[in-house]
Each structure stands twice: as C-alpha cells, then as structure tokens.
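Let me begin by presenting the structure, written as structure tokens, before commenting on it.
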Amino acid sequence: MINISHVTKEYGDKKAVDDISFEVAKGEIVGYLGPNGAGKSTTLKMLVGLLKPTSGKISVADYDAETELQEIKRQIGYVPEEAHLYEHLTLVEHLQLMGRLYHLDEELIAQKVVELTKLFDMEPQTNQRISSFSQGMRQKCIIMSALLHNPSVLLLDEPFTNLDVNTVTFLKALIQRMADLGKTILYCTHILEVAETLCPRIMIINEGKLIANASVAELREQTNQEALNEIFVQLTDTTGVDEKTDMAVRIVMGVPSDA
C-alpha cells in the first residue's frame, strides 16, 4: 500500500531524507522512529503531497505520487504533528467541511459527526468554535477529521499528543482494530513504549537515513538489547547520557565545570 523507493529530500546542501526505501503492506502497523530532526515528518509530508521529493519514487495504494497525487489524497487519513484548524468554525462545521471535501453524502456526514463526537467524548463541544478548544480537544478534532472518510491508509504523526489516558487507550485499540480490517498504518512517534506494544515492525531513521527496518524481536537479536529504548539509543548513537546529566546538574546548580 505504501512504497518509497530511493527517496531523497534536499534543502540546499542539507539532506533531510537521504535515499530511503521501504514498503508498508495492507493491514500492517509500522512504527517510524527517530530523533528530533531525523526526517520522520518530512517523510510523511512527502507521502501526503505537502512536499515533493528531490529524487526517488513514492506510491500509495498503487497510485503514483508524481502523476496521481489527487487519488492518493482520497486514500489517506493524515494526522500531522502540527495541524492548522479552521478556528472560526464549530466542531460540527469543521467535520462537515472535511466530509464535503471528500464528497461524502450529506446524510452520511451527519451520521458520522454524531457518532464520532460521541466516541471521542466531544458531544458537549459540537457547536463550540474550535478557537475555544484545549489542545487535547483540537487533537481529537484532527483525528476525527482523518477518520471521517474511511481512509485505506493512515499516516499518524504523534497522534497521542495532548490526549488524556482514556482517549489514548481507546485510540490504540482503534488503530489495532483498523489494521485487522485491512487498513495500512504508518505511525510516527517519539513514545517508544507505545511503538513497542502497538507496532509489529519498527523502522528507525537517523540523520535522514533509514538505519533499521525489522520486527522488535529481530532488533533485539541484532543489538543484544531487550528494551526498545536501549535499541534506539544504540542504533542512533545517542550516547553520553551520564556525562550530559552531570553537565546539566553543574549548569543548573551554578557549579564551575572544573569544580
């Protein structure tokens, strides 16, 4: 369903994504991990057409991103890391707009709006303007917008940000159920514990390069580490934690470095 072949994205002389290739099959949940600035969000933005790759090929649901981008957009539900909502609209108006953009029947839109707002505990806010929403409410609005048109592919960039525990628990179960029903899910996150329990396969990108693409069990065997956070640290060379901690304590406490 998702195919990225030798994709590079350059900004001047910097390669945000450097010759990466991977596939995500129908019904698969794949975790996409990496340090800040590693290239995760850039990859997702290329998949949805917000950015054009400098080189390489992208296809989603058998549609070519270069020539059939509009068809790809019909297939995708996208939860970006930072979303811009139409804040002057109410929640109902925003969801209605999303449904109409995907050419859903008005009766179906109305039904889904009622049902989704109930599931996400947003019924009291249905007629409130989004400008008055908390960060958690805004995140729920983004997720409902991504699910409304029954996409075949879900691209999730930190979907649990600002959500309460109950909603996170519900959303994790929903993601798993949707994969069981054949949806393809690429889950981009910094929360390694969730990725470890939710994603049978993990990809790790570091400095624009894909450095791991395997099951958690295979990564444990390759690195001789048990916990995913230790695997991540080893593969991304995030070393010197004790030294950094000592330095941070000295800075905060105002202790000279030679003390």
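Numbering starts fresh at 1 for the residues of each chain in the structure tokens, the chains themselves are lettered A, B, ... in the order given, and ligands are numbered from 1 as they appear.
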
Per residue of region 172-233 of chain A within 12 Å of region 75-81 of chain A, which atom pair is closest and at what distance in Å (one decimal), using only C-alpha atoms, listed by chain and increasing number, as a tab-separated table?
residue	atom	partner	partner_atom	distance
A:Lys183	CA	A:Ile76	CA	10.2
A:Thr184	CA	A:Ile76	CA	9.6
A:Ile185	CA	A:Gly77	CA	9.5
A:Leu186	CA	A:Tyr78	CA	9.9
A:Tyr187	CA	A:Val79	CA	9.7
A:Cys188	CA	A:Glu81	CA	9.1
A:Thr189	CA	A:Glu81	CA	9.4
A:His190	CA	A:Glu81	CA	11.3

task = List every residue of region 30-139 of chain A that DSSP, applied to the backbone, labels as strand (DSSP E or B), and write the result as a PyMOL selection string.
result = chain A and resi 30-33+55-60+63-64+76-79+90+129

query = What's the 12 Å shell around Ala212 (chain A), counting only C-alpha atoms, without same-chain residues fewer than 3 positions away, as a PyMOL selection string?
reply = chain A and resi 20-22+31-34+201-206+209+215-216+218-220+222-223+231-232+234-236

Export, as a compact mmCIF listing (two decimals), in the first residue's frame, the selected residues with C-alpha atoms.
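What landed in selection_20.txt:
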# COMPACT_ATOMS: atom_id res chain seq x y z
CA ILE A 20 15.38 5.84 1.89
CA SER A 21 13.35 2.87 0.66
CA PHE A 22 10.62 0.90 2.42
CA GLY A 31 6.35 2.34 13.73
CA TYR A 32 8.55 5.08 12.28
CA LEU A 33 11.01 6.31 14.90
CA GLY A 34 13.91 8.71 15.05
CA ARG A 201 7.62 -3.80 12.79
CA ILE A 202 9.84 -0.82 13.56
CA MET A 203 11.75 1.48 11.23
CA ILE A 204 14.32 3.91 12.59
CA ILE A 205 15.55 6.94 10.69
CA ASN A 206 18.58 8.92 11.83
CA LYS A 209 19.00 7.67 6.64
CA SER A 215 10.45 -6.60 13.95
CA VAL A 216 11.12 -5.74 17.59
CA GLU A 218 14.78 -9.04 15.27
CA LEU A 219 16.06 -5.71 16.55
CA ARG A 220 16.58 -7.24 19.99
CA GLN A 222 20.65 -7.63 16.26
CA THR A 223 21.53 -5.25 19.08
CA ILE A 231 17.85 -0.46 20.98
CA PHE A 232 17.06 3.09 19.86
CA GLN A 234 22.40 2.02 20.46
CA LEU A 235 21.34 2.41 16.83
CA THR A 236 21.17 6.21 16.84

message = I need the residues of region 114-201 of chain A that end up classed as helix (DSSP H, G or I) by DSSP on the backbone, written out as a ChimeraX atom specification.
response = /A:114-119,123-125,130-132,135-147,165-180,192-198

message = For a quick check of understanding, using only C-alpha atoms, which of A:Leu104, A:Ile72, A:Met247, A:Ala83 has the smallest distance to Gln135 (chain A)?
response =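 Of A:Leu104, A:Ile72, A:Met247, A:Ala83, the one nearest Gln135 (chain A), counting only C-alpha atoms, is A:Ala83.
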
task = Could you give me, as a PyMOL selection string, the residues within 12 Å of Phe160 (chain A), counting only C-alpha atoms and dropping anything in the same chain fewer than 2 positions from it?
result = chain A and resi 79-81+135-140+142-143+156-158+162-172+175+187-191+194-195

Once you have the residues from the selection above, write them out as a tab-separated table (two decimals), in the first residue's frame, restricted to C-alpha atoms.
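Result saved to out16.tsv:
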chain	number	residue	atom	x	y	z
A	79	VAL	CA	-2.78	13.30	11.50
A	80	PRO	CA	0.09	15.83	11.27
A	81	GLU	CA	2.38	16.74	14.14
A	135	GLN	CA	-5.02	21.32	22.92
A	136	GLY	CA	-6.49	17.90	23.64
A	137	MET	CA	-9.82	18.85	22.06
A	138	ARG	CA	-8.02	20.14	18.97
A	139	GLN	CA	-6.15	16.85	18.69
A	140	LYS	CA	-9.42	14.93	18.85
A	142	ILE	CA	-7.77	16.37	13.90
A	143	ILE	CA	-8.13	12.64	14.47
A	156	LEU	CA	-0.12	9.28	12.07
A	157	ASP	CA	2.48	11.79	13.28
A	158	GLU	CA	2.45	11.79	17.10
A	162	ASN	CA	-2.14	16.18	24.45
A	163	LEU	CA	-4.69	13.35	24.75
A	164	ASP	CA	-5.96	12.05	28.08
A	165	VAL	CA	-5.28	8.46	29.18
A	166	ASN	CA	-8.77	7.20	28.32
A	167	THR	CA	-8.60	8.57	24.77
A	168	VAL	CA	-5.09	7.16	24.24
A	169	THR	CA	-6.26	3.73	25.38
A	170	PHE	CA	-9.28	3.88	23.07
A	171	LEU	CA	-7.20	5.14	20.13
A	172	LYS	CA	-4.58	2.40	20.49
A	175	ILE	CA	-5.63	1.55	15.47
A	187	TYR	CA	2.82	5.51	12.98
A	188	CYS	CA	5.44	8.18	13.61
A	189	THR	CA	6.32	8.75	17.28
A	190	HIS	CA	8.83	9.52	19.99
A	191	ILE	CA	6.91	7.40	22.53
A	194	VAL	CA	3.65	2.69	22.65
A	195	ALA	CA	5.52	1.78	19.47

ask   = Nearest to Lys9 (chain A) among A:Val30, A:Leu44, A:Ala25, A:Leu97, with distances taken over only C-alpha atoms: which residue is it?
value =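 Of all the options, A:Leu44 lies closest to Lys9 (chain A).
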
ask   = Please, what distance in Å, to one decimal, runs between CA of Ala110 (chain A) and CA of Glu93 (chain A)?
value =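 If I compute the distance from CA of Ala110 (chain A) to CA of Glu93 (chain A), I get 10.4 Å.
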
task = Write out as a list in words which residues come within 9 Å of Thr43 (chain A) when counting only C-alpha atoms, dropping same-chain ones fewer than 6 positions away.
result = Val7, Lys9, Ala16, Val17, Leu51 and Pro53 of chain A

Let me see the file: selected residues, N, CA and C atoms, as a short mmCIF file (atom, residue, chain, number, x, y, z; two decimals), in the first residue's frame.
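Final output, saved to part.cif:
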data_model
loop_
_atom_site.label_atom_id
_atom_site.label_comp_id
_atom_site.auth_asym_id
_atom_site.auth_seq_id
_atom_site.Cartn_x
_atom_site.Cartn_y
_atom_site.Cartn_z
N VAL A 7 14.13 7.54 -2.03
CA VAL A 7 13.63 8.91 -1.92
C VAL A 7 14.62 9.78 -1.14
N LYS A 9 15.14 14.01 0.02
CA LYS A 9 14.61 15.37 0.08
C LYS A 9 15.72 16.29 0.54
N ALA A 16 17.43 16.27 4.24
CA ALA A 16 16.52 15.94 5.35
C ALA A 16 16.16 14.47 5.31
N VAL A 17 16.03 13.91 4.11
CA VAL A 17 15.81 12.48 3.90
C VAL A 17 16.81 12.04 2.85
N LEU A 51 5.10 17.98 0.46
CA LEU A 51 6.45 18.22 -0.03
C LEU A 51 6.70 17.30 -1.22
N PRO A 53 9.51 15.17 -3.29
CA PRO A 53 10.87 14.65 -3.12
C PRO A 53 11.83 15.22 -4.16
#

request  = Take CA of Ser41 (chain A) and CA of Asn150 (chain A) and report the distance between them in Å, one decimal.
outcome  =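 Going from CA of Ser41 (chain A) over to CA of Asn150 (chain A), I get 22.6 Å.
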
inquiry  = To one decimal place in Å, what is the distance between CA of Ala227 (chain A) and CA of Leu210 (chain A)?
reply    =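 Computing the Euclidean distance for CA of Ala227 (chain A) and CA of Leu210 (chain A) yields 19.9 Å.
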
request  = Rank A:Glu68, A:Pro35, A:Lys45, A:Met98 by their smallest atom-to-atom distance to Leu192 (chain A), using only C-alpha atoms, and report the top residue only.
outcome  =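 Closest residue, counting only C-alpha atoms: A:Pro35.
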